[in-house]
Every structure is written in structure tokens, then in C-alpha cells.
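**Student:** Input structure: target_10.tsv, which contains TSV, C-alpha atoms.
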chain	number	residue	atom	x	y	z
A	1	MET	CA	-33.55	-12.82	9.12
A	2	SER	CA	-30.11	-11.23	8.80
A	3	GLU	CA	-28.61	-9.74	5.66
A	4	PRO	CA	-26.26	-11.98	3.67
A	5	VAL	CA	-22.56	-11.35	4.13
A	6	PRO	CA	-21.39	-9.15	1.23
A	7	GLU	CA	-19.01	-10.63	-1.33
A	8	LEU	CA	-15.58	-9.05	-1.61
A	9	ASP	CA	-14.20	-8.66	-5.13
A	10	PRO	CA	-11.29	-11.15	-5.27
A	11	VAL	CA	-9.48	-9.06	-7.90
A	12	ILE	CA	-9.30	-6.08	-5.57
A	13	HIS	CA	-9.10	-7.98	-2.27
A	14	ALA	CA	-5.44	-9.05	-2.62
A	15	GLN	CA	-3.47	-6.60	-0.47
A	16	ALA	CA	-1.16	-5.35	-3.23
A	17	ARG	CA	-4.01	-4.82	-5.70
A	18	LEU	CA	-6.10	-3.08	-3.05
A	19	ARG	CA	-3.20	-0.68	-2.48
A	20	VAL	CA	-2.94	-0.06	-6.25
A	21	VAL	CA	-6.66	0.59	-6.71
A	22	ALA	CA	-6.92	2.75	-3.58
A	23	THR	CA	-3.98	4.85	-4.79
A	24	LEU	CA	-5.41	5.22	-8.31
A	25	ALA	CA	-8.82	6.13	-6.87
A	26	THR	CA	-7.27	9.27	-5.36
A	27	LEU	CA	-6.62	10.58	-8.88
A	28	SER	CA	-9.35	12.41	-10.71
A	29	GLN	CA	-11.18	10.42	-13.36
A	30	SER	CA	-9.13	11.95	-16.18
A	31	ASP	CA	-5.72	11.62	-14.47
A	32	ARG	CA	-3.14	8.91	-14.86
A	33	ILE	CA	0.20	8.13	-13.24
A	34	ALA	CA	3.46	6.94	-14.77
A	35	PHE	CA	4.56	3.45	-13.79
A	36	PRO	CA	7.71	4.58	-11.90
A	37	GLY	CA	5.70	7.06	-9.86
A	38	LEU	CA	3.16	4.41	-8.87
A	39	ARG	CA	5.94	1.93	-8.11
A	40	ASP	CA	7.65	4.47	-5.85
A	41	LEU	CA	4.42	5.50	-4.09
A	42	LEU	CA	3.61	1.89	-3.30
A	43	ASP	CA	7.22	0.89	-2.56
A	44	MET	CA	6.85	-2.21	-4.74
A	45	SER	CA	9.30	-3.86	-7.10
A	46	ALA	CA	8.65	-3.33	-10.80
A	47	GLY	CA	8.04	-7.05	-11.30
A	48	ASN	CA	5.58	-7.36	-8.44
A	49	LEU	CA	3.68	-4.26	-9.52
A	50	SER	CA	3.54	-5.50	-13.12
A	51	VAL	CA	1.96	-8.80	-12.06
A	52	HIS	CA	-0.78	-7.04	-10.10
A	53	LEU	CA	-1.38	-4.46	-12.84
A	54	ARG	CA	-1.89	-7.30	-15.33
A	55	LYS	CA	-4.64	-8.83	-13.17
A	56	LEU	CA	-6.33	-5.45	-12.79
A	57	GLU	CA	-6.02	-4.81	-16.53
A	58	ASP	CA	-7.47	-8.26	-17.33
A	59	ALA	CA	-10.50	-7.33	-15.19
A	60	ALA	CA	-10.75	-3.98	-17.07
A	61	TYR	CA	-10.25	-2.09	-13.78
A	62	ILE	CA	-7.27	-0.14	-15.09
A	63	ASP	CA	-6.15	1.24	-18.41
A	64	VAL	CA	-2.46	0.85	-19.27
A	65	THR	CA	-1.15	3.17	-21.97
A	66	LYS	CA	2.33	2.67	-23.39
A	67	THR	CA	3.76	5.66	-25.20
A	68	HIS	CA	7.01	7.59	-25.62
A	69	ARG	CA	8.25	10.81	-24.09
A	70	GLY	CA	10.82	11.77	-26.68
A	71	ARG	CA	12.70	8.51	-27.25
A	72	THR	CA	11.98	7.14	-23.79
A	73	PRO	CA	9.14	4.62	-23.39
A	74	VAL	CA	6.60	5.59	-20.73
A	75	THR	CA	3.75	3.53	-19.27
A	76	TYR	CA	0.77	5.35	-17.78
A	77	ILE	CA	-1.83	3.74	-15.53
A	78	ALA	CA	-5.36	5.01	-14.84
A	79	LEU	CA	-8.38	3.61	-13.06
A	80	THR	CA	-11.23	2.92	-15.49
A	81	THR	CA	-14.85	3.79	-14.80
A	82	ARG	CA	-15.44	0.07	-14.21
A	83	GLY	CA	-12.50	-0.03	-11.78
A	84	ARG	CA	-13.75	3.02	-9.90
A	85	LEU	CA	-17.21	1.43	-9.56
A	86	ALA	CA	-15.68	-1.89	-8.43
A	87	PHE	CA	-13.65	-0.05	-5.78
A	88	GLU	CA	-16.75	1.81	-4.55
A	89	GLN	CA	-18.65	-1.50	-4.32
A	90	TYR	CA	-15.68	-3.08	-2.52
A	91	THR	CA	-15.50	-0.31	0.08
A	92	THR	CA	-19.28	-0.52	0.58
A	93	ALA	CA	-18.98	-4.27	1.18
A	94	ILE	CA	-16.13	-3.73	3.67
A	95	ARG	CA	-18.20	-1.17	5.56
A	96	ALA	CA	-21.13	-3.61	5.69
A	97	LEU	CA	-18.84	-6.32	7.09
A	98	ILE	CA	-17.42	-3.99	9.73
A	99	ASP	CA	-20.76	-2.51	10.77
A	100	PRO	CA	-23.68	-4.68	9.60
A	101	SER	CA	-26.17	-2.39	11.41
A	102	GLY	CA	-25.34	0.41	8.97
A	103	GLY	CA	-24.42	2.86	11.72
A	104	SER	CA	-21.64	5.37	11.29
A	105	LEU	CA	-18.13	4.21	12.08
I need this file expressed as C-alpha cells, please.

**Tutor:**
Amino acid sequence: MSEPVPELDPVIHAQARLRVVATLATLSQSDRIAFPGLRDLLDMSAGNLSVHLRKLEDAAYIDVTKTHRGRTPVTYIALTTRGRLAFEQYTTAIRALIDPSGGSL
């Protein structure tokens, strides 16, 4: 009997959100990135990025912190522990889909 096909997290699976989570996963657990920096790295419009960040925030995969640097508002984004775990599970599921035998790729 074969193994069941792994489920892919629909929150992460959307291409734009996968790019966001993969980018945030490269930061250390205690690091965060300012919204404009993330927007520029991903080459996304502010509006498009905001929509995807909201979905990730609703799933508790990211933490969004709004603060001020002097008088200028700044928004920082960080991957939560839950988001990091979800991304690890997602990449494990992708690997299982690509190579169900479990061999090295």
C-alpha cells in the first residue's frame, strides 16, 4: 500500500506567499525586515504584498510590528515560530511529492 499524498498548506502554497515565507525563513529567528526592504526583494507592489502579508498574519505565520523611526512610521515583518514550522512542513511535503521513495534529490 502506498503512502498518502501529502497535503500542501494552502496559506503558503500561493506563489506570492511562498516567496514571502521562503524569504523570511532566510532570516534568523530573532530578525525582522522592514516592509520596503521585503517589497523590493520580492519586486512586488505594496498593495499586492500587503494582501499576502494579511493572509499570513491571519494564519499567525508572520508577526507585523508597526512602529516609528523618529517621526516616520515603519512596519517590520518577521516569521513566527508557527510560520517557520509550517514552512518546514511545507518543504517536507514538497520533497515527498517530488521523490516519494525518500531518496536524495

**Student:** Go ahead and compute the interatomic distance for CA of Ala22 in chain A and CA of Leu85 in chain A, in Å to one decimal.

**Tutor:** 12.0 Å

**Student:** Just the number, please: distance in Å from CA of Ala86 in chain A to CA of Thr67 in chain A, one decimal.

**Tutor:**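 Calculated distance between CA of Ala86 in chain A and CA of Thr67 in chain A is 26.8 Å.
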
**Student:** What gap, in Å, lies between CA of Glu57 in chain A and CA of Ile98 in chain A?

**Tutor:** 28.6 Å

**Student:** Given the choices A:Gln89, A:Ser30, A:Thr80, A:Thr72, which gets closest to Ala60 in chain A if the distance is worked out from only C-alpha atoms?

**Tutor:** A:Thr80

**Student:** Taking the point (-20.8, -4.2, 2.4) as given in the file, collect each protein or nucleic acid residue that comes within 12 Å of it, counting all atoms listed in the file, and present the set as a PDB file with C-alpha atoms, keeping the file's coordinate frame.

**Tutor:**
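Result saved to out23.pdb:
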ATOM      1  CA  GLU A   3     -28.610  -9.740   5.660  1.00  0.00           C
ATOM      2  CA  PRO A   4     -26.260 -11.980   3.670  1.00  0.00           C
ATOM      3  CA  VAL A   5     -22.560 -11.350   4.130  1.00  0.00           C
ATOM      4  CA  PRO A   6     -21.390  -9.150   1.230  1.00  0.00           C
ATOM      5  CA  GLU A   7     -19.010 -10.630  -1.330  1.00  0.00           C
ATOM      6  CA  LEU A   8     -15.580  -9.050  -1.610  1.00  0.00           C
ATOM      7  CA  ASP A   9     -14.200  -8.660  -5.130  1.00  0.00           C
ATOM      8  CA  PHE A  87     -13.650  -0.050  -5.780  1.00  0.00           C
ATOM      9  CA  GLU A  88     -16.750   1.810  -4.550  1.00  0.00           C
ATOM     10  CA  GLN A  89     -18.650  -1.500  -4.320  1.00  0.00           C
ATOM     11  CA  TYR A  90     -15.680  -3.080  -2.520  1.00  0.00           C
ATOM     12  CA  THR A  91     -15.500  -0.310   0.080  1.00  0.00           C
ATOM     13  CA  THR A  92     -19.280  -0.520   0.580  1.00  0.00           C
ATOM     14  CA  ALA A  93     -18.980  -4.270   1.180  1.00  0.00           C
ATOM     15  CA  ILE A  94     -16.130  -3.730   3.670  1.00  0.00           C
ATOM     16  CA  ARG A  95     -18.200  -1.170   5.560  1.00  0.00           C
ATOM     17  CA  ALA A  96     -21.130  -3.610   5.690  1.00  0.00           C
ATOM     18  CA  LEU A  97     -18.840  -6.320   7.090  1.00  0.00           C
ATOM     19  CA  ILE A  98     -17.420  -3.990   9.730  1.00  0.00           C
ATOM     20  CA  ASP A  99     -20.760  -2.510  10.770  1.00  0.00           C
ATOM     21  CA  PRO A 100     -23.680  -4.680   9.600  1.00  0.00           C
ATOM     22  CA  SER A 101     -26.170  -2.390  11.410  1.00  0.00           C
ATOM     23  CA  GLY A 102     -25.340   0.410   8.970  1.00  0.00           C
TER      24      GLY A 102
END

**Student:** Taking all atoms listed in the file into account, which of A:Val21, A:Met44, A:Ala16, A:Val51 comes nearest Ile77 in chain A?

**Tutor:**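 Checking each of A:Val21, A:Met44, A:Ala16, A:Val51 against Ile77 in chain A, counting all atoms listed in the file, the winner is A:Val21.
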
**Student:** Counting all atoms listed in the file, figure out which residue out of A:Gly47, A:Ile62, A:His68, A:Arg19 gets nearest to Thr81 in chain A.

**Tutor:**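 Once distances to Thr81 in chain A are computed over all atoms listed in the file, the minimum belongs to A:Ile62.
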
**Student:** From the set A:Thr65, A:Gly70, A:Arg84, A:His13, which residue has the shortest atom-to-atom contact distance to Ile33 in chain A, counting all atoms listed in the file?

**Tutor:**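 That would be A:Thr65, the residue with the smallest distance to Ile33 in chain A.
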